Each structure stands twice: as structure tokens, then as C-alpha cells.
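Enquirer: Handing over final.txt, compact mmCIF, C-alpha atoms.
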```txt
# COMPACT_ATOMS: atom_id res chain seq x y z
CA MET A 1 125.69 296.32 177.33
CA VAL A 2 124.93 300.00 177.69
CA ILE A 3 127.71 302.59 177.84
CA ILE A 4 126.62 306.14 178.57
CA PRO A 5 128.86 309.10 179.46
CA ALA A 6 127.69 310.31 182.86
CA ILE A 7 128.53 312.36 185.92
CA LEU A 8 128.53 310.59 189.27
CA GLU A 9 126.33 313.05 191.13
CA THR A 10 125.89 311.52 194.57
CA PHE A 11 125.66 308.34 196.58
CA SER A 12 124.16 307.40 199.90
CA SER A 13 124.39 304.41 202.17
CA LEU A 14 121.13 302.57 202.80
CA LYS A 15 120.11 300.80 206.00
CA ASP A 16 120.72 297.37 204.44
CA LYS A 17 124.34 298.51 203.81
CA SER A 18 123.80 298.76 200.05
CA LEU A 19 124.40 301.99 198.11
CA LYS A 20 122.12 304.26 196.16
CA ILE A 21 124.21 305.79 193.37
CA VAL A 22 122.90 308.64 191.20
CA PHE A 23 124.34 309.49 187.79
CA TYR A 24 123.38 312.27 185.40
CA SER A 25 123.94 311.94 181.66
CA ASN A 26 123.61 314.07 178.59
CA GLU A 27 120.62 313.37 176.36
CA PRO A 28 120.89 309.66 175.47
CA THR A 29 120.86 308.33 171.94
CA PRO A 30 117.83 306.23 171.01
CA GLU A 31 120.01 303.10 171.29
CA GLN A 32 121.16 304.05 174.79
CA LEU A 33 117.60 304.79 175.87
CA VAL A 34 116.44 301.39 174.61
CA GLY A 35 119.36 299.73 176.40
CA VAL A 36 118.45 301.42 179.68
CA ALA A 37 114.75 300.58 179.30
CA GLN A 38 115.50 296.93 178.53
CA ASN A 39 117.55 296.61 181.70
CA MET A 40 115.10 298.16 184.17
CA GLN A 41 114.85 296.16 187.40
CA LYS A 42 117.60 293.78 186.27
CA PHE A 43 120.76 292.95 188.13
CA GLY A 44 123.96 293.92 186.33
CA TYR A 45 127.39 295.40 186.82
CA LEU A 46 128.32 299.05 186.71
CA ALA A 47 131.73 300.14 185.42
CA PHE A 48 132.78 303.74 185.87
CA LYS A 49 136.01 305.49 184.91
CA GLU A 50 136.91 309.05 184.05
CA ASP A 51 138.21 308.25 180.57
CA VAL A 52 136.46 306.71 177.57
CA PHE A 53 136.57 302.92 177.58
CA LYS A 54 139.05 301.46 175.11
CA GLN A 55 137.85 298.66 172.84
CA ASN A 56 139.77 295.96 174.73
CA GLU A 57 138.15 297.17 177.97
CA LYS A 58 134.71 297.07 176.34
CA ASP A 59 135.45 293.53 175.16
CA VAL A 60 136.36 292.46 178.71
CA LEU A 61 133.20 294.06 180.11
CA GLU A 62 131.06 292.46 177.41
CA SER A 63 132.50 289.00 178.15
CA MET A 64 131.70 289.13 181.88
CA GLU A 65 128.92 286.86 183.06
CA SER A 66 127.00 286.99 186.30
CA GLU A 67 126.03 284.07 188.48
CA TYR A 68 124.09 286.40 190.77
CA GLU A 69 120.88 285.14 192.29
CA ASP A 70 118.81 287.58 194.30
CA LYS A 71 118.42 285.94 197.69
CA GLY A 72 118.18 289.20 199.60
CA LYS A 73 114.49 289.90 199.12
CA SER A 74 111.52 287.85 200.24
CA LYS A 75 108.81 286.97 197.75
CA SER A 76 106.51 289.55 199.35
CA GLN A 77 109.19 292.26 199.03
CA ARG A 78 109.71 291.35 195.39
CA LEU A 79 105.95 291.46 194.74
CA ARG A 80 105.68 294.89 196.41
CA ASN A 81 108.61 296.17 194.30
CA VAL A 82 107.03 294.87 191.10
CA LEU A 83 103.73 296.50 192.01
CA PHE A 84 105.54 299.76 192.73
CA VAL A 85 107.20 299.77 189.30
CA ASN A 86 103.86 298.89 187.73
CA PHE A 87 102.27 301.81 189.63
CA LYS A 88 104.96 304.17 188.31
CA GLN A 89 104.32 302.99 184.75
CA ASN A 90 100.51 302.97 185.00
CA SER A 91 98.95 304.34 188.18
CA GLU A 92 95.41 303.49 187.00
CA ASN A 93 94.16 306.81 188.45
CA TYR A 94 95.59 306.10 191.92
CA SER A 95 97.57 309.03 193.29
CA ILE A 96 99.03 307.19 196.30
CA PHE A 97 100.98 303.96 195.98
CA ASP A 98 99.56 302.48 199.21
CA ASP A 99 96.03 302.77 197.81
CA TYR A 100 97.16 301.13 194.56
CA TYR A 101 99.01 298.40 196.48
CA ASN A 102 96.03 297.65 198.73
CA ALA A 103 93.65 297.42 195.76
CA LYS A 104 95.98 295.13 193.79
CA MET A 105 96.61 292.90 196.81
CA GLU A 106 92.87 292.66 197.49
CA THR A 107 92.32 291.64 193.85
CA LEU A 108 95.01 288.99 194.16
CA ILE A 109 93.61 287.70 197.45
CA GLU A 110 90.08 287.49 196.03
CA HIS A 111 91.39 285.68 192.96
CA PHE A 112 92.87 282.90 195.09
CA LYS A 113 89.98 282.85 197.57
CA SER A 114 87.62 282.17 194.68
CA LYS A 115 89.55 278.97 193.94
CA LEU A 116 89.03 277.57 197.46
CA ASP A 117 86.35 274.99 198.30
```
Produce C-alpha cells that represent the structure in this file.
Expert:
Amino acid sequence: MVIIPAILETFSSLKDKSLKIVFYSNEPTPEQLVGVAQNMQKFGYLAFKEDVFKQNEKDVLESMESEYEDKGKSKSQRLRNVLFVNFKQNSENYSIFDDYYNAKMETLIEHFKSKLD
């Protein structure tokens, strides 16, 4: 669990009726930064309140378990999202995501074509 003091800066409604929520924080501790990095692209729960969480509240949050299963995205949407995150982390000298995506998809297609009779 990662707890970081933050300011709720803005939110916007997306066309699929979900929300994009933006928070700003002070400089994170190394532990907080690791916690954020370890949870990239993972489903979780966000708790926000104006006051510091008390220990019993932290205990309740820590004990919560999710039975969430992402059924909202197709396999192709998930693959595109994974490729986008990969592009952000290592663009491999591509400046435009669509070029990166097309090259990676062509590589994947050729890989499986080579296995056909």
C-alpha cells in the first residue's frame, strides 16, 4: 500500500464514463516512489481524505482485497496499451507512437507467420 500526501488537482469524465483524476504531490520518499513504480498499470483502490489517515484506518485499507477482473478491454486494446507503456519507457528511437506500434505489430505478425506451413 502506498500513502502519499497529495493535492487533488483536477478530474475529467471520459467517453467510457470513467474518470481521469490528477493528483500532485510533494517530492516522494524513495519508498513511496518504489511503491508507485511497482503499481504502474495495476488495478487498485484510491482513498482520499483531507486529514492524515489514522492507524486503524490504514489497517482497514491494508486489509481490503479486490476481486476485480478487467473485462472492459479487449485483448487488442490491452496489447496496444502495453505497447504504449513500453514506448514511453523505451521508444527505441521512434518519435511517434503510431510508428512504434506499427513496427512492433509487424514484428509480431511476422513472428507468427513464420510458424505457419
Enquirer: Using all atoms listed in the file, can you tell me which of A:Ile96, A:Ala47, A:Ser12, A:Lys88 comes closest to Val60 in chain A?
Expert: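 Looking only at the distances to Val60 in chain A, the closest residue turns out to be A:Ala47.
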Enquirer: For Tyr24 in chain A, which residue out of A:Met105, A:Thr10, A:Lys42, A:Ser63 is the nearest one, using only C-alpha atoms?
Expert: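 Going through A:Met105, A:Thr10, A:Lys42, A:Ser63 one by one, the smallest distance to Tyr24 in chain A is for A:Thr10.
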Enquirer: When distances are computed from only C-alpha atoms, which of A:Lys104, A:Leu79, A:Thr29, A:Gly35 shows the smallest separation from Ser91 in chain A?
Expert: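 Residue with the minimum atom-to-atom distance to Ser91 in chain A: A:Lys104.
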Enquirer: Would you work out the distance separating CA of Ala37 in chain A from CA of Leu19 in chain A, expressed in Å to one decimal?
Expert: 21.2 Å
Enquirer: Produce the centre coordinates and the three edge lengths, each in Å to one decimal, of the box along x, y and z that contains all listed atoms of range 94-104 of chain A with 5 Å added on each side, as JSON.
Expert:
```
{"center_x": 97.3, "center_y": 302.1, "center_z": 195.6, "size_x": 17.3, "size_y": 23.9, "size_z": 17.3}
```
Enquirer: Of the candidates A:Gln77, A:Leu46, A:Glu65, A:Ile4, which shows the shortest atom-to-atom distance to Asn26 in chain A, using all atoms listed in the file?
Expert: A:Ile4
Enquirer: Nearest to Ser25 in chain A: which of A:Thr107, A:Asn39, A:Glu9, A:Ser95 is it, counting all atoms listed in the file?
Expert: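 Once distances to Ser25 in chain A are computed over all atoms listed in the file, the minimum belongs to A:Glu9.
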